[in-house]
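Read through the structure below, which is laid out as structure tokens, and then see the notes.
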Amino acid sequence: MSSSASSAALLPAVAQGNVSAFEELYDRYSSTVYGLLLRILANADDAQEVLQETFVKAWTSAAMFDAVRGSEVAWLISIARSRGIDRLRSRRIRSDREDEAGREISVVSGFVDRSSGADQAIQSEQRVAVRGALAELPDAQRQALELAYFEGLSQSEIAERLHEPLGTVKTRMQLGMKKLRDRLQAFR
């Protein structure tokens, strides 16, 4: 499709499976959508992921576009804004969960007097339970958690080291933490 083609013609062509129309749609609007996402998310990695999700949604839902209701760029911005806000909410929920887990660890460790032999036995039992629970996790989840908690890497650094998308690393860590929390509930 030529760059002189009207923008209104791109999404109907994309709905028909026209790859070159999709490429032109991306070339034409990706920088605008990315700029919006960067302002919403204030994180380049998240903005890039949501940009990708936005254009995947545009590819799969192009038939839903109605030119009477607005322009193509407005439709794309609507998708991006919705997904960006969803990402912010999930980030906030994840942060709240991590804060809660940190408080729980602080409370539990505050009750342990490391000087007595009985408490050292309890700590030893806890270490064994944690090691066992970690060993039960799928390798990908365990590896992500070990890199975060034992090597102090951020999720972005873990994604880079493992050559995995950031979203994949985040999901693995969230699932792994849930499994650990369930498995170690007796120590709460």
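How things are named: the first chain in the structure tokens is A, the next is B, and so on; residues count from 1 in each chain; ligands count from 1 in the order shown.
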
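Near stretch 131-140 of chain A, within a cut-off of 8 Å and counting only C-alpha atoms, sit the residues Arg127, Val128, Gln143, Ala144, Arg172, Gly176, Lys179, Leu180, Arg183 and Leu184 of chain A, with same-chain residues fewer than 3 positions away left out.
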
Give me the residues within 8 Å of A:Ala63 as a PyMOL selection string, counting only C-alpha atoms and dropping any in the same chain fewer than 2 places off. chain A and resi 11-12+15+60-61+65

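Distances here use only C-alpha atoms; by that measure, the residue among A:Arg81, A:Glu160, A:Gln155, A:Gln185 closest to A:Met173 is A:Gln155.
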
Computed interatomic separation between atom CA of A:Lys178 and atom CA of A:Lys57 (Å):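 Atom-to-atom, atom CA of A:Lys178 to atom CA of A:Lys57, that is 29.1 Å.
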
Need the shell around A:Leu10: protein/DNA/RNA residues with any atom at most 8 Å away, counting only C-alpha atoms. Skip same-chain ones fewer than 5 positions apart. Format as a PyMOL selection string? chain A and resi 5+21-22+24-25

When you look at A:Ile85 with a cut-off of 12 Å (counting only C-alpha atoms), what residues show up, excluding the ones that are within fewer than 2 positions of it in the same chain? I need them as a CSV table (one decimal) with all heavy atoms, in the first residue's frame.
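Output (out-v3.csv):
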chain,number,residue,atom,x,y,z
A,36,LEU,N,2.6,8.5,23.8
A,36,LEU,CA,1.5,8.5,24.8
A,36,LEU,C,1.7,7.4,25.9
A,36,LEU,O,1.6,7.7,27.1
A,36,LEU,CB,0.1,8.1,24.1
A,36,LEU,CG,-1.0,7.9,25.0
A,36,LEU,CD1,-1.6,9.2,25.6
A,36,LEU,CD2,-2.1,7.1,24.2
A,37,LEU,N,2.1,6.2,25.5
A,37,LEU,CA,2.3,5.2,26.5
A,37,LEU,C,3.5,5.5,27.4
A,37,LEU,O,3.5,5.2,28.6
A,37,LEU,CB,2.6,3.8,25.8
A,37,LEU,CG,1.4,3.2,25.1
A,37,LEU,CD1,1.8,2.1,24.2
A,37,LEU,CD2,0.4,2.8,26.1
A,38,LEU,N,4.5,6.2,26.9
A,38,LEU,CA,5.6,6.6,27.7
A,38,LEU,C,5.2,7.6,28.8
A,38,LEU,O,5.6,7.5,29.9
A,38,LEU,CB,6.7,7.2,26.8
A,38,LEU,CG,8.1,7.1,27.3
A,38,LEU,CD1,8.5,5.8,27.8
A,38,LEU,CD2,9.1,7.6,26.2
A,39,ARG,N,4.3,8.5,28.4
A,39,ARG,CA,3.8,9.5,29.3
A,39,ARG,C,2.9,8.8,30.4
A,39,ARG,O,2.9,9.1,31.6
A,39,ARG,CB,2.9,10.5,28.6
A,39,ARG,CG,3.8,11.6,28.0
A,39,ARG,CD,3.0,12.8,27.6
A,39,ARG,NE,1.9,12.5,26.7
A,39,ARG,CZ,1.9,12.5,25.4
A,39,ARG,NH1,3.1,12.7,24.8
A,39,ARG,NH2,0.8,12.3,24.7
A,40,ILE,N,2.1,7.8,30.0
A,40,ILE,CA,1.2,7.1,30.9
A,40,ILE,C,2.0,6.2,31.9
A,40,ILE,O,1.8,6.2,33.1
A,40,ILE,CB,0.2,6.2,30.2
A,40,ILE,CG1,-0.8,7.1,29.4
A,40,ILE,CG2,-0.5,5.3,31.1
A,40,ILE,CD1,-1.7,6.3,28.5
A,41,LEU,N,3.0,5.5,31.3
A,41,LEU,CA,3.6,4.4,32.1
A,41,LEU,C,5.0,4.9,32.7
A,41,LEU,O,5.4,4.3,33.7
A,41,LEU,CB,3.9,3.2,31.2
A,41,LEU,CG,2.6,2.5,30.7
A,41,LEU,CD1,3.0,1.5,29.6
A,41,LEU,CD2,1.9,1.8,31.9
A,42,ALA,N,5.6,5.9,32.2
A,42,ALA,CA,6.9,6.4,32.7
A,42,ALA,C,7.9,5.3,32.7
A,42,ALA,O,8.8,5.3,33.6
A,42,ALA,CB,6.7,7.1,34.0
A,46,ASP,N,8.0,-1.0,29.7
A,46,ASP,CA,6.5,-1.2,29.7
A,46,ASP,C,5.8,-0.6,28.5
A,46,ASP,O,4.9,-1.2,27.9
A,46,ASP,CB,5.9,-0.7,31.0
A,46,ASP,CG,6.2,-1.6,32.2
A,46,ASP,OD1,6.6,-2.7,32.0
A,46,ASP,OD2,5.9,-1.1,33.4
A,47,ALA,N,6.3,0.6,28.2
A,47,ALA,CA,5.7,1.3,27.0
A,47,ALA,C,5.9,0.5,25.7
A,47,ALA,O,4.9,0.4,24.9
A,47,ALA,CB,6.3,2.7,26.9
A,50,VAL,N,3.5,-2.6,25.8
A,50,VAL,CA,2.1,-2.2,25.6
A,50,VAL,C,1.9,-1.7,24.2
A,50,VAL,O,0.8,-1.9,23.6
A,50,VAL,CB,1.6,-1.1,26.6
A,50,VAL,CG1,0.2,-0.7,26.3
A,50,VAL,CG2,1.7,-1.7,28.0
A,77,ILE,N,-5.1,4.9,19.8
A,77,ILE,CA,-4.9,5.6,21.1
A,77,ILE,C,-5.8,5.1,22.2
A,77,ILE,O,-5.4,4.9,23.3
A,77,ILE,CB,-4.9,7.1,21.0
A,77,ILE,CG1,-3.7,7.6,20.2
A,77,ILE,CG2,-5.1,7.8,22.3
A,77,ILE,CD1,-3.7,9.1,19.8
A,78,SER,N,-7.0,4.8,21.8
A,78,SER,CA,-8.0,4.3,22.8
A,78,SER,C,-7.6,2.9,23.3
A,78,SER,O,-7.6,2.6,24.5
A,78,SER,CB,-9.4,4.2,22.1
A,78,SER,OG,-10.3,3.6,23.0
A,79,ILE,N,-7.1,2.1,22.4
A,79,ILE,CA,-6.6,0.7,22.7
A,79,ILE,C,-5.4,0.9,23.6
A,79,ILE,O,-5.3,0.2,24.7
A,79,ILE,CB,-6.3,-0.1,21.5
A,79,ILE,CG1,-7.5,-0.4,20.7
A,79,ILE,CG2,-5.6,-1.4,21.9
A,79,ILE,CD1,-7.2,-1.0,19.3
A,80,ALA,N,-4.5,1.7,23.2
A,80,ALA,CA,-3.2,1.9,23.9
A,80,ALA,C,-3.5,2.4,25.3
A,80,ALA,O,-2.9,2.0,26.3
A,80,ALA,CB,-2.2,2.8,23.2
A,81,ARG,N,-4.3,3.4,25.4
A,81,ARG,CA,-4.6,4.1,26.7
A,81,ARG,C,-5.2,3.0,27.7
A,81,ARG,O,-4.8,2.9,28.8
A,81,ARG,CB,-5.6,5.2,26.5
A,81,ARG,CG,-5.9,6.0,27.8
A,81,ARG,CD,-6.9,7.1,27.5
A,81,ARG,NE,-7.3,7.7,28.8
A,81,ARG,CZ,-8.2,7.2,29.6
A,81,ARG,NH1,-8.9,6.1,29.3
A,81,ARG,NH2,-8.5,7.9,30.7
A,82,SER,N,-6.2,2.3,27.2
A,82,SER,CA,-6.8,1.2,28.0
A,82,SER,C,-5.8,0.2,28.5
A,82,SER,O,-5.8,-0.1,29.7
A,82,SER,CB,-7.9,0.5,27.2
A,82,SER,OG,-8.5,-0.5,27.9
A,83,ARG,N,-4.9,-0.3,27.6
A,83,ARG,CA,-3.9,-1.3,28.0
A,83,ARG,C,-2.9,-0.6,28.9
A,83,ARG,O,-2.4,-1.3,29.8
A,83,ARG,CB,-3.3,-1.9,26.7
A,83,ARG,CG,-4.3,-2.8,26.0
A,83,ARG,CD,-3.7,-3.5,24.9
A,83,ARG,NE,-4.7,-4.4,24.3
A,83,ARG,CZ,-4.8,-5.7,24.6
A,83,ARG,NH1,-4.1,-6.2,25.5
A,83,ARG,NH2,-5.8,-6.4,24.0
A,87,ARG,N,-1.9,-1.8,32.7
A,87,ARG,CA,-0.6,-2.1,33.1
A,87,ARG,C,-0.3,-1.4,34.4
A,87,ARG,O,0.4,-1.9,35.3
A,87,ARG,CB,0.4,-1.7,32.0
A,87,ARG,CG,1.9,-1.9,32.3
A,87,ARG,CD,2.2,-3.4,32.5
A,87,ARG,NE,2.0,-4.2,31.3
A,87,ARG,CZ,2.9,-4.6,30.5
A,87,ARG,NH1,4.1,-4.3,30.6
A,87,ARG,NH2,2.5,-5.3,29.4
A,88,LEU,N,-0.7,-0.1,34.5
A,88,LEU,CA,-0.5,0.7,35.7
A,88,LEU,C,-1.1,0.0,36.9
A,88,LEU,O,-0.6,-0.1,38.0
A,88,LEU,CB,-1.0,2.1,35.6
A,88,LEU,CG,-0.1,3.1,34.8
A,88,LEU,CD1,-0.8,4.4,34.7
A,88,LEU,CD2,1.2,3.3,35.5
A,89,ARG,N,-2.4,-0.4,36.7
A,89,ARG,CA,-3.1,-1.1,37.8
A,89,ARG,C,-2.4,-2.4,38.2
A,89,ARG,O,-2.3,-2.7,39.4
A,89,ARG,CB,-4.5,-1.4,37.3
A,89,ARG,CG,-5.4,-0.2,37.3
A,89,ARG,CD,-6.8,-0.6,36.9
A,89,ARG,NE,-7.6,0.6,36.7
A,89,ARG,CZ,-8.5,0.8,35.7
A,89,ARG,NH1,-8.7,-0.2,34.8
A,89,ARG,NH2,-9.1,1.9,35.6
A,90,SER,N,-2.0,-3.2,37.2
A,90,SER,CA,-1.3,-4.4,37.6
A,90,SER,C,0.0,-4.2,38.3
A,90,SER,O,0.4,-4.9,39.2
A,90,SER,CB,-1.1,-5.3,36.4
A,90,SER,OG,-0.2,-4.8,35.5
A,91,ARG,N,0.7,-3.1,37.8
A,91,ARG,CA,2.0,-2.7,38.5
A,91,ARG,C,1.7,-2.3,39.9
A,91,ARG,O,2.4,-2.7,40.9
A,91,ARG,CB,2.6,-1.6,37.7
A,91,ARG,CG,4.0,-1.3,38.2
A,91,ARG,CD,4.5,0.0,37.6
A,91,ARG,NE,4.6,0.1,36.1
A,91,ARG,CZ,4.8,1.2,35.5
A,91,ARG,NH1,4.8,2.4,36.1
A,91,ARG,NH2,4.9,1.2,34.2
A,92,ARG,N,0.6,-1.6,40.2
A,92,ARG,CA,0.3,-1.1,41.5
A,92,ARG,C,-0.1,-2.3,42.4
A,92,ARG,O,0.3,-2.4,43.5
A,92,ARG,CB,-0.9,-0.1,41.4
A,92,ARG,CG,-1.0,0.8,42.7
A,92,ARG,CD,-2.0,1.9,42.4
A,92,ARG,NE,-1.6,2.8,41.4
A,92,ARG,CZ,-2.4,3.1,40.3
A,92,ARG,NH1,-3.6,2.6,40.2
A,92,ARG,NH2,-2.0,3.9,39.4

List the neighbours of A:Glu49 out to 9 Å using only C-alpha atoms; skip same-chain residues closer than 6 positions along the sequence, and give me the result as JSON, numbers by chain. {"A": [165, 166, 167]}

Selection from above, N, CA, C and O atoms, as a PDB file, in the first residue's frame, can you write it?
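So the final result, stored in part_37.pdb, reads:
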ATOM      1  N   PRO A 165      11.211 -11.831  27.414  1.00  0.00           N
ATOM      2  CA  PRO A 165      10.464 -10.566  27.528  1.00  0.00           C
ATOM      3  C   PRO A 165      10.219 -10.227  29.002  1.00  0.00           C
ATOM      4  O   PRO A 165      10.055 -11.119  29.845  1.00  0.00           O
ATOM      5  N   LEU A 166      10.190  -8.943  29.302  1.00  0.00           N
ATOM      6  CA  LEU A 166       9.984  -8.487  30.668  1.00  0.00           C
ATOM      7  C   LEU A 166       8.671  -9.023  31.233  1.00  0.00           C
ATOM      8  O   LEU A 166       8.620  -9.458  32.380  1.00  0.00           O
ATOM      9  N   GLY A 167       7.621  -9.015  30.444  1.00  0.00           N
ATOM     10  CA  GLY A 167       6.323  -9.523  30.906  1.00  0.00           C
ATOM     11  C   GLY A 167       6.382 -10.984  31.311  1.00  0.00           C
ATOM     12  O   GLY A 167       5.737 -11.401  32.278  1.00  0.00           O
TER      13      GLY A 167
END
